[in-house]
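Pasting coords-v2.pdb here (PDB, C-alpha atoms):
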ATOM      1  CA  MET O 641     133.458 256.654 238.600
ATOM      2  CA  VAL O 642     134.562 256.142 242.201
ATOM      3  CA  THR O 643     138.117 255.538 243.402
ATOM      4  CA  PHE O 644     138.759 254.542 247.024
ATOM      5  CA  VAL O 645     142.177 255.359 248.443
ATOM      6  CA  TYR O 646     144.214 253.789 251.238
ATOM      7  CA  ALA O 647     147.644 255.347 250.790
ATOM      8  CA  HIS O 648     151.034 254.285 252.142
ATOM      9  CA  ASN O 649     152.452 255.941 255.259
ATOM     10  CA  LEU O 650     155.786 256.651 253.569
ATOM     11  CA  LYS O 651     156.095 259.607 251.204
ATOM     12  CA  ASP O 652     158.122 257.732 248.567
ATOM     13  CA  GLU O 653     155.604 254.880 248.563
ATOM     14  CA  ARG O 654     152.801 257.324 247.715
ATOM     15  CA  LYS O 655     154.368 258.249 244.364
ATOM     16  CA  ALA O 656     152.539 255.334 242.755
ATOM     17  CA  LEU O 657     149.232 256.805 243.939
ATOM     18  CA  TRP O 658     149.918 260.211 242.387
ATOM     19  CA  GLU O 659     150.971 258.537 239.129
ATOM     20  CA  TYR O 660     147.819 256.393 239.124
ATOM     21  CA  VAL O 661     145.535 259.399 239.685
ATOM     22  CA  ASN O 662     147.326 261.298 236.911
ATOM     23  CA  GLN O 663     146.955 258.411 234.446
ATOM     24  CA  MET O 664     143.260 257.964 235.289
ATOM     25  CA  SER O 665     142.516 261.678 234.892
ATOM     26  CA  MET O 666     144.025 261.851 231.406
ATOM     27  CA  GLY O 667     141.341 259.648 229.879
ATOM     28  CA  CYS O 668     138.467 260.455 232.216
ATOM     29  CA  GLN O 669     135.554 262.347 230.677
ATOM     30  CA  ILE O 670     132.869 261.309 233.166
ATOM     31  CA  GLN O 671     132.071 262.220 236.753
ATOM     32  CA  TRP O 672     134.889 261.064 239.064
ATOM     33  CA  ILE O 673     135.101 261.077 242.848
ATOM     34  CA  ILE O 674     138.208 259.984 244.772
ATOM     35  CA  MET O 675     137.920 259.456 248.513
ATOM     36  CA  GLY O 676     139.698 257.850 251.427
ATOM     37  CA  ASN O 677     142.916 257.975 253.428
ATOM     38  CA  PHE O 678     145.568 259.771 251.361
ATOM     39  CA  ASN O 679     147.987 259.944 254.318
ATOM     40  CA  ALA O 680     148.897 263.417 253.058
ATOM     41  CA  VAL O 681     148.091 267.028 253.922
ATOM     42  CA  LEU O 682     147.766 270.079 251.695
ATOM     43  CA  GLN O 683     148.490 273.039 253.969
ATOM     44  CA  GLN O 684     149.692 274.087 257.437
ATOM     45  CA  GLU O 685     146.155 274.195 258.826
ATOM     46  CA  ASN O 686     145.733 270.472 258.152
ATOM     47  CA  ARG O 687     147.631 269.502 261.326
ATOM     48  CA  LEU O 688     147.015 270.375 264.950
ATOM     49  CA  ARG O 689     150.014 269.975 267.264
ATOM     50  CA  GLY O 690     152.926 267.688 266.437
ATOM     51  CA  ASN O 691     155.696 268.566 263.986
ATOM     52  CA  PRO O 692     155.110 271.554 261.680
ATOM     53  CA  ILE O 693     154.121 270.621 258.132
ATOM     54  CA  ALA O 694     157.057 270.794 255.715
ATOM     55  CA  LEU O 695     156.770 271.765 252.051
ATOM     56  CA  SER O 696     157.993 268.320 251.033
ATOM     57  CA  GLU O 697     154.880 266.802 252.656
ATOM     58  CA  VAL O 698     152.422 268.728 250.501
ATOM     59  CA  VAL O 699     154.135 269.394 247.167
ATOM     60  CA  GLU O 700     153.465 266.069 245.413
ATOM     61  CA  PHE O 701     149.837 265.862 246.540
ATOM     62  CA  GLN O 702     149.231 269.493 245.531
ATOM     63  CA  GLU O 703     150.913 268.992 242.153
ATOM     64  CA  CYS O 704     148.681 265.985 241.533
ATOM     65  CA  ILE O 705     145.542 267.981 242.424
ATOM     66  CA  ASP O 706     146.575 270.890 240.181
ATOM     67  CA  LYS O 707     147.696 268.789 237.218
ATOM     68  CA  CYS O 708     144.522 266.676 237.198
ATOM     69  CA  ILE O 709     142.276 269.720 237.845
ATOM     70  CA  LEU O 710     140.656 268.175 240.909
ATOM     71  CA  MET O 711     139.039 269.930 243.860
ATOM     72  CA  GLU O 712     137.877 269.023 247.342
ATOM     73  CA  LEU O 713     134.202 268.680 248.137
ATOM     74  CA  PRO O 714     133.436 270.887 251.164
ATOM     75  CA  ASN O 715     133.399 268.995 254.467
ATOM     76  CA  ASN O 716     130.554 269.722 256.862
ATOM     77  CA  GLY O 717     131.810 267.550 259.708
ATOM     78  CA  TYR O 718     134.983 267.256 261.773
ATOM     79  CA  VAL O 719     137.913 269.302 260.441
ATOM     80  CA  TYR O 720     140.598 266.767 261.377
ATOM     81  CA  SER O 721     139.959 263.241 260.172
ATOM     82  CA  TRP O 722     142.785 261.461 262.055
ATOM     83  CA  SER O 723     144.289 261.592 265.545
ATOM     84  CA  ASP O 724     146.794 259.609 267.559
ATOM     85  CA  LYS O 725     144.121 259.296 270.306
ATOM     86  CA  GLN O 726     146.503 260.536 273.023
ATOM     87  CA  GLY O 727     144.067 262.400 275.255
ATOM     88  CA  ILE O 728     143.617 266.164 275.272
ATOM     89  CA  ASN O 729     147.073 266.745 273.754
ATOM     90  CA  ARG O 730     146.473 264.446 270.813
ATOM     91  CA  ILE O 731     147.946 265.201 267.411
ATOM     92  CA  CYS O 732     145.243 265.704 264.790
ATOM     93  CA  SER O 733     145.567 265.823 261.007
ATOM     94  CA  LYS O 734     143.393 266.094 257.962
ATOM     95  CA  ILE O 735     144.639 263.245 255.784
ATOM     96  CA  ASP O 736     141.307 261.829 254.579
ATOM     97  CA  TRP O 737     139.911 263.590 251.531
ATOM     98  CA  VAL O 738     136.990 263.621 249.116
ATOM     99  CA  ILE O 739     138.057 265.166 245.812
ATOM    100  CA  VAL O 740     136.239 265.349 242.475
ATOM    101  CA  ASN O 741     136.768 266.451 238.882
ATOM    102  CA  GLY O 742     134.995 269.198 236.976
ATOM    103  CA  GLU O 743     132.483 266.824 235.384
ATOM    104  CA  TRP O 744     131.351 265.802 238.858
ATOM    105  CA  ILE O 745     130.797 269.418 239.904
ATOM    106  CA  ASP O 746     128.828 270.131 236.722
ATOM    107  CA  THR O 747     126.386 267.235 237.027
ATOM    108  CA  MET O 748     126.435 266.125 240.695
ATOM    109  CA  GLU O 749     126.339 269.514 242.385
ATOM    110  CA  GLN O 750     123.861 268.489 245.105
ATOM    111  CA  CYS O 751     126.371 266.528 247.190
ATOM    112  CA  LYS O 752     127.560 266.984 250.762
ATOM    113  CA  THR O 753     130.539 265.475 252.571
ATOM    114  CA  TYR O 754     130.589 264.649 256.274
ATOM    115  CA  ALA O 755     133.419 263.462 258.528
ATOM    116  CA  LEU O 756     131.752 261.577 261.360
ATOM    117  CA  SER O 757     133.043 260.871 264.867
ATOM    118  CA  GLU O 758     136.121 258.621 264.848
ATOM    119  CA  GLY O 759     134.669 256.003 267.216
ATOM    120  CA  VAL O 760     137.050 253.104 267.890
ATOM    121  CA  SER O 761     139.173 253.917 264.839
ATOM    122  CA  ASP O 762     141.838 256.622 264.647
ATOM    123  CA  HIS O 763     140.164 257.865 261.437
ATOM    124  CA  CYS O 764     136.810 259.618 261.035
ATOM    125  CA  PRO O 765     134.486 257.870 258.576
ATOM    126  CA  LEU O 766     133.761 259.920 255.460
ATOM    127  CA  VAL O 767     130.202 260.110 254.136
ATOM    128  CA  VAL O 768     129.128 261.585 250.808
ATOM    129  CA  GLU O 769     125.409 262.344 250.742
ATOM    130  CA  MET O 770     123.963 262.141 247.248
ATOM    131  CA  ILE O 771     121.045 264.561 247.305
ATOM    132  CA  LYS O 772     120.565 264.536 243.546
ATOM    133  CA  THR O 773     121.990 261.541 241.713
ATOM    134  CA  HIS O 774     120.805 261.966 238.125
ATOM    135  CA  ALA O 775     122.918 263.856 235.626
ATOM    136  CA  ARG O 776     121.487 266.936 233.989
ATOM    137  CA  LYS O 777     121.900 267.452 230.281
ATOM    138  CA  GLY O 778     121.657 270.923 228.844
ATOM    139  CA  LYS O 779     122.919 273.147 226.100
ATOM    140  CA  ALA O 780     126.514 274.318 226.224
ATOM    141  CA  PHE O 781     126.909 277.773 227.722
ATOM    142  CA  ARG O 782     127.863 280.496 225.249
ATOM    143  CA  TYR O 783     128.360 284.133 226.100
ATOM    144  CA  CYS O 784     126.413 286.631 223.975
ATOM    145  CA  ASN O 785     127.895 290.096 223.470
ATOM    146  CA  MET O 786     124.461 291.690 223.463
ATOM    147  CA  TRP O 787     124.021 290.859 227.164
ATOM    148  CA  SER O 788     126.509 293.565 228.119
ATOM    149  CA  LYS O 789     124.147 296.187 226.623
ATOM    150  CA  TYR O 790     121.462 295.327 229.166
ATOM    151  CA  HIS O 791     121.122 298.118 231.745
ATOM    152  CA  ASP O 792     121.458 295.799 234.770
ATOM    153  CA  PHE O 793     124.149 293.504 233.354
ATOM    154  CA  MET O 794     127.043 294.491 235.643
ATOM    155  CA  HIS O 795     124.832 294.335 238.714
ATOM    156  CA  MET O 796     123.815 290.766 237.822
ATOM    157  CA  VAL O 797     127.454 289.794 237.360
ATOM    158  CA  GLU O 798     128.358 291.242 240.766
ATOM    159  CA  GLN O 799     125.471 289.411 242.417
ATOM    160  CA  GLY O 800     126.394 286.070 240.868
ATOM    161  CA  TRP O 801     130.046 286.423 241.808
ATOM    162  CA  ALA O 802     129.331 287.564 245.384
ATOM    163  CA  ILE O 803     127.533 284.360 246.443
ATOM    164  CA  GLN O 804     129.299 282.894 249.496
ATOM    165  CA  VAL O 805     130.551 279.333 248.932
ATOM    166  CA  GLU O 806     132.382 277.065 251.378
ATOM    167  CA  GLY O 807     135.306 274.989 250.171
ATOM    168  CA  CYS O 808     138.693 275.382 248.517
ATOM    169  CA  LYS O 809     139.362 278.328 246.191
ATOM    170  CA  MET O 810     138.912 276.309 243.010
ATOM    171  CA  TYR O 811     135.582 274.927 244.255
ATOM    172  CA  GLN O 812     134.436 278.464 245.102
ATOM    173  CA  VAL O 813     135.329 279.724 241.620
ATOM    174  CA  VAL O 814     133.472 276.861 239.928
ATOM    175  CA  LYS O 815     130.334 277.303 242.053
ATOM    176  CA  ASN O 816     130.306 281.101 241.625
ATOM    177  CA  TRP O 817     130.698 280.717 237.876
ATOM    178  CA  LYS O 818     127.818 278.227 237.756
ATOM    179  CA  ALA O 819     125.625 280.653 239.713
ATOM    180  CA  LEU O 820     126.535 283.451 237.320
ATOM    181  CA  LYS O 821     125.780 281.288 234.280
ATOM    182  CA  GLN O 822     122.302 280.611 235.630
ATOM    183  CA  LYS O 823     121.648 284.339 236.040
ATOM    184  CA  LEU O 824     122.846 285.034 232.504
ATOM    185  CA  ARG O 825     120.667 282.278 231.081
ATOM    186  CA  THR O 826     117.686 283.824 232.879
ATOM    187  CA  LEU O 827     118.618 287.235 231.472
ATOM    188  CA  HIS O 828     118.737 285.786 227.961
ATOM    189  CA  LYS O 829     115.402 284.001 228.322
ATOM    190  CA  ARG O 830     113.627 287.101 229.615
ATOM    191  CA  ASN O 831     115.091 289.729 227.329
ATOM    192  CA  PHE O 832     116.825 288.200 224.324
ATOM    193  CA  SER O 833     115.177 284.855 223.567
ATOM    194  CA  ASN O 834     113.318 286.308 220.577
ATOM    195  CA  VAL O 835     116.264 288.244 219.202
ATOM    196  CA  ILE O 836     116.500 286.221 215.957
ATOM    197  CA  ASN O 837     112.850 286.800 215.088
ATOM    198  CA  GLU O 838     113.222 290.469 215.928
ATOM    199  CA  ALA O 839     116.294 290.728 213.702
ATOM    200  CA  ASN O 840     114.435 289.074 210.817
ATOM    201  CA  LYS O 841     111.514 291.460 211.269
ATOM    202  CA  ASP O 842     113.854 294.483 211.282
ATOM    203  CA  ARG O 843     115.543 293.172 208.138
ATOM    204  CA  GLU O 844     112.218 292.867 206.339
ATOM    205  CA  GLU O 845     111.207 296.378 207.368
ATOM    206  CA  MET O 846     114.518 297.739 206.206
TER     207      MET O 846
END
Show me the file's structure as structure tokens.
Amino acid sequence: MVTFVYAHNLKDERKALWEYVNQMSMGCQIQWIIMGNFNAVLQQENRLRGNPIALSEVVEFQECIDKCILMELPNNGYVYSWSDKQGINRICSKIDWVIVNGEWIDTMEQCKTYALSEGVSDHCPLVVEMIKTHARKGKAFRYCNMWSKYHDFMHMVEQGWAIQVEGCKMYQVVKNWKALKQKLRTLHKRNFSNVINEANKDREEM
């Protein structure tokens, strides 16, 4: 599911957007990407020059992101997506966003976001490159206590968690966890995949 956003300039007028996103997220169980001009920032670093960012500017957008468990796709292009085009002293802000839900991260992980040159507009065009568009279906991940008995278990956990990921903190956590799950699945396949047969054999011998 894709939602395109062109938000109001006024803070009070954007309340309807946050309410809409919240309502949509409550019943959404499929991949969801939301992108466009939110006319809102999330942190101090999202504006260059101009008036300092006040807490009131970010709180409603941040609450919406947190409540709906959404996260930003990492941007590989221009940091600031909007400017007032006033020469070298222009005011720049990041008010255009590409955010996704957890289902999107799980099944559409091979995606990249680019903010291109602004051109004649005061906004940079946003591009989402779909490297892998088909959803992957697999078994649900379940942790097995026996893994912790493996001699190299903690080292594997450290390796999986140490992978460097660009993006917001929540995106980093999700990607690191997915990398760790893959390592643990490999561990299970190589060392424990026949554990049921082995247990049955031991039971018979006993």
Taking the file as shown, find all residues satisfying the PyMOL selection byres ((chain O and resi 743-754) around 9) and write them as number ranges by chain. O: 669-673, 713-718, 738, 740-742, 755-756, 765-777, 811, 814-815, 818
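If you look at CA of Ile739 (chain O) and CA of Trp801 (chain O), they are 23.1 Å away from each other.
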Selection dump of the PyMOL selection byres ((chain O and resi 701-705) around 9), as number ranges by chain: O: 658-659, 661-662, 678, 680-682, 697-700, 706-711, 739
Written as a ChimeraX atom specification, which residues does the PyMOL selection byres ((chain O and resi 720-730) around 10) give for the file shown? /O:677,679,685-690,717-719,731-737,755-758,760-766
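Nearest to Ile803 (chain O) of all the residues O:Lys655, O:His648, O:Arg843, O:Lys823 is O:Lys823, based on all atoms listed in the file.
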Listed atoms of region 750-761 of chain O, axis-aligned box, 4 Å per side: centre and edge lengths to one decimal in Å, as lines of an AutoDock Vina configuration file?
center_x = 131.5
center_y = 260.8
center_z = 256.5
size_x = 23.3
size_y = 23.4
size_z = 30.8
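When CA of Thr643 (chain O) is paired with CA of Ile674 (chain O), their separation reads 4.7 Å.
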Work out how far CA of Gly800 (chain O) is from CA of Ala819 (chain O), in Å to one decimal. 5.6 Å
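Shortest separation to Val642 (chain O) among O:Gly676, O:Ala694, O:Leu820, O:Cys784 occurs at residue O:Gly676, atoms counted being all atoms listed in the file.
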As a PDB file, keeping the file's coordinate frame, please: region 702-713 of chain O completed to all heavy atoms.
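Below you can see result.pdb, which holds the result:
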ATOM      1  N   GLN O 702     149.748 268.273 246.134  1.00  0.00           N
ATOM      2  CA  GLN O 702     149.231 269.493 245.531  1.00  0.00           C
ATOM      3  C   GLN O 702     149.463 269.504 244.020  1.00  0.00           C
ATOM      4  O   GLN O 702     148.592 269.922 243.250  1.00  0.00           O
ATOM      5  CB  GLN O 702     149.885 270.715 246.170  1.00  0.00           C
ATOM      6  CG  GLN O 702     149.289 272.048 245.710  1.00  0.00           C
ATOM      7  CD  GLN O 702     147.837 272.193 246.114  1.00  0.00           C
ATOM      8  OE1 GLN O 702     147.529 272.240 247.292  1.00  0.00           O
ATOM      9  NE2 GLN O 702     146.940 272.265 245.134  1.00  0.00           N
ATOM     10  N   GLU O 703     150.625 269.057 243.586  1.00  0.00           N
ATOM     11  CA  GLU O 703     150.913 268.992 242.153  1.00  0.00           C
ATOM     12  C   GLU O 703     149.948 268.046 241.447  1.00  0.00           C
ATOM     13  O   GLU O 703     149.507 268.315 240.333  1.00  0.00           O
ATOM     14  CB  GLU O 703     152.356 268.537 241.925  1.00  0.00           C
ATOM     15  CG  GLU O 703     153.394 269.616 242.235  1.00  0.00           C
ATOM     16  CD  GLU O 703     154.812 269.115 242.039  1.00  0.00           C
ATOM     17  OE1 GLU O 703     154.992 267.884 241.862  1.00  0.00           O
ATOM     18  OE2 GLU O 703     155.746 269.947 242.074  1.00  0.00           O
ATOM     19  N   CYS O 704     149.628 266.947 242.099  1.00  0.00           N
ATOM     20  CA  CYS O 704     148.681 265.985 241.533  1.00  0.00           C
ATOM     21  C   CYS O 704     147.297 266.617 241.398  1.00  0.00           C
ATOM     22  O   CYS O 704     146.638 266.498 240.349  1.00  0.00           O
ATOM     23  CB  CYS O 704     148.615 264.738 242.415  1.00  0.00           C
ATOM     24  SG  CYS O 704     147.443 263.483 241.840  1.00  0.00           S
ATOM     25  N   ILE O 705     146.848 267.316 242.444  1.00  0.00           N
ATOM     26  CA  ILE O 705     145.542 267.981 242.424  1.00  0.00           C
ATOM     27  C   ILE O 705     145.491 269.018 241.297  1.00  0.00           C
ATOM     28  O   ILE O 705     144.511 269.091 240.537  1.00  0.00           O
ATOM     29  CB  ILE O 705     145.279 268.673 243.775  1.00  0.00           C
ATOM     30  CG1 ILE O 705     145.128 267.641 244.898  1.00  0.00           C
ATOM     31  CG2 ILE O 705     144.048 269.563 243.696  1.00  0.00           C
ATOM     32  CD1 ILE O 705     143.886 266.818 244.829  1.00  0.00           C
ATOM     33  N   ASP O 706     146.540 269.829 241.181  1.00  0.00           N
ATOM     34  CA  ASP O 706     146.575 270.890 240.181  1.00  0.00           C
ATOM     35  C   ASP O 706     146.643 270.325 238.760  1.00  0.00           C
ATOM     36  O   ASP O 706     145.928 270.792 237.860  1.00  0.00           O
ATOM     37  CB  ASP O 706     147.772 271.810 240.424  1.00  0.00           C
ATOM     38  CG  ASP O 706     147.644 272.588 241.735  1.00  0.00           C
ATOM     39  OD1 ASP O 706     146.518 272.685 242.252  1.00  0.00           O
ATOM     40  OD2 ASP O 706     148.678 273.079 242.229  1.00  0.00           O
ATOM     41  N   LYS O 707     147.492 269.342 238.558  1.00  0.00           N
ATOM     42  CA  LYS O 707     147.696 268.789 237.218  1.00  0.00           C
ATOM     43  C   LYS O 707     146.441 268.098 236.707  1.00  0.00           C
ATOM     44  O   LYS O 707     146.114 268.185 235.517  1.00  0.00           O
ATOM     45  CB  LYS O 707     148.867 267.804 237.239  1.00  0.00           C
ATOM     46  CG  LYS O 707     149.269 267.286 235.869  1.00  0.00           C
ATOM     47  CD  LYS O 707     150.522 266.436 235.947  1.00  0.00           C
ATOM     48  CE  LYS O 707     150.967 265.978 234.567  1.00  0.00           C
ATOM     49  NZ  LYS O 707     152.213 265.171 234.630  1.00  0.00           N
ATOM     50  N   CYS O 708     145.724 267.423 237.600  1.00  0.00           N
ATOM     51  CA  CYS O 708     144.522 266.676 237.198  1.00  0.00           C
ATOM     52  C   CYS O 708     143.260 267.526 237.279  1.00  0.00           C
ATOM     53  O   CYS O 708     142.168 267.040 236.973  1.00  0.00           O
ATOM     54  CB  CYS O 708     144.363 265.440 238.080  1.00  0.00           C
ATOM     55  SG  CYS O 708     145.752 264.295 237.993  1.00  0.00           S
ATOM     56  N   ILE O 709     143.402 268.779 237.704  1.00  0.00           N
ATOM     57  CA  ILE O 709     142.276 269.720 237.845  1.00  0.00           C
ATOM     58  C   ILE O 709     141.192 269.099 238.717  1.00  0.00           C
ATOM     59  O   ILE O 709     140.038 268.931 238.298  1.00  0.00           O
ATOM     60  CB  ILE O 709     141.714 270.158 236.478  1.00  0.00           C
ATOM     61  CG1 ILE O 709     142.843 270.474 235.496  1.00  0.00           C
ATOM     62  CG2 ILE O 709     140.821 271.373 236.631  1.00  0.00           C
ATOM     63  CD1 ILE O 709     142.364 270.871 234.126  1.00  0.00           C
ATOM     64  N   LEU O 710     141.577 268.742 239.928  1.00  0.00           N
ATOM     65  CA  LEU O 710     140.656 268.175 240.909  1.00  0.00           C
ATOM     66  C   LEU O 710     140.415 269.190 242.011  1.00  0.00           C
ATOM     67  O   LEU O 710     141.193 270.120 242.195  1.00  0.00           O
ATOM     68  CB  LEU O 710     141.240 266.888 241.500  1.00  0.00           C
ATOM     69  CG  LEU O 710     141.573 265.784 240.489  1.00  0.00           C
ATOM     70  CD1 LEU O 710     142.344 264.662 241.180  1.00  0.00           C
ATOM     71  CD2 LEU O 710     140.306 265.234 239.843  1.00  0.00           C
ATOM     72  N   MET O 711     139.345 269.020 242.765  1.00  0.00           N
ATOM     73  CA  MET O 711     139.039 269.930 243.860  1.00  0.00           C
ATOM     74  C   MET O 711     138.343 269.167 244.971  1.00  0.00           C
ATOM     75  O   MET O 711     137.687 268.143 244.743  1.00  0.00           O
ATOM     76  CB  MET O 711     138.192 271.100 243.386  1.00  0.00           C
ATOM     77  CG  MET O 711     136.855 270.722 242.815  1.00  0.00           C
ATOM     78  SD  MET O 711     136.151 272.002 241.742  1.00  0.00           S
ATOM     79  CE  MET O 711     137.133 271.789 240.258  1.00  0.00           C
ATOM     80  N   GLU O 712     138.482 269.679 246.181  1.00  0.00           N
ATOM     81  CA  GLU O 712     137.877 269.023 247.342  1.00  0.00           C
ATOM     82  C   GLU O 712     136.411 269.389 247.461  1.00  0.00           C
ATOM     83  O   GLU O 712     136.024 270.548 247.286  1.00  0.00           O
ATOM     84  CB  GLU O 712     138.603 269.439 248.624  1.00  0.00           C
ATOM     85  CG  GLU O 712     138.027 268.782 249.872  1.00  0.00           C
ATOM     86  CD  GLU O 712     138.520 269.423 251.156  1.00  0.00           C
ATOM     87  OE1 GLU O 712     139.205 270.465 251.086  1.00  0.00           O
ATOM     88  OE2 GLU O 712     138.209 268.885 252.237  1.00  0.00           O
ATOM     89  N   LEU O 713     135.580 268.387 247.770  1.00  0.00           N
ATOM     90  CA  LEU O 713     134.202 268.680 248.137  1.00  0.00           C
ATOM     91  C   LEU O 713     134.199 269.239 249.552  1.00  0.00           C
ATOM     92  O   LEU O 713     134.893 268.717 250.431  1.00  0.00           O
ATOM     93  CB  LEU O 713     133.344 267.406 248.085  1.00  0.00           C
ATOM     94  CG  LEU O 713     132.814 266.957 246.727  1.00  0.00           C
ATOM     95  CD1 LEU O 713     131.971 265.702 246.893  1.00  0.00           C
ATOM     96  CD2 LEU O 713     132.010 268.048 246.055  1.00  0.00           C
TER      97      LEU O 713
END
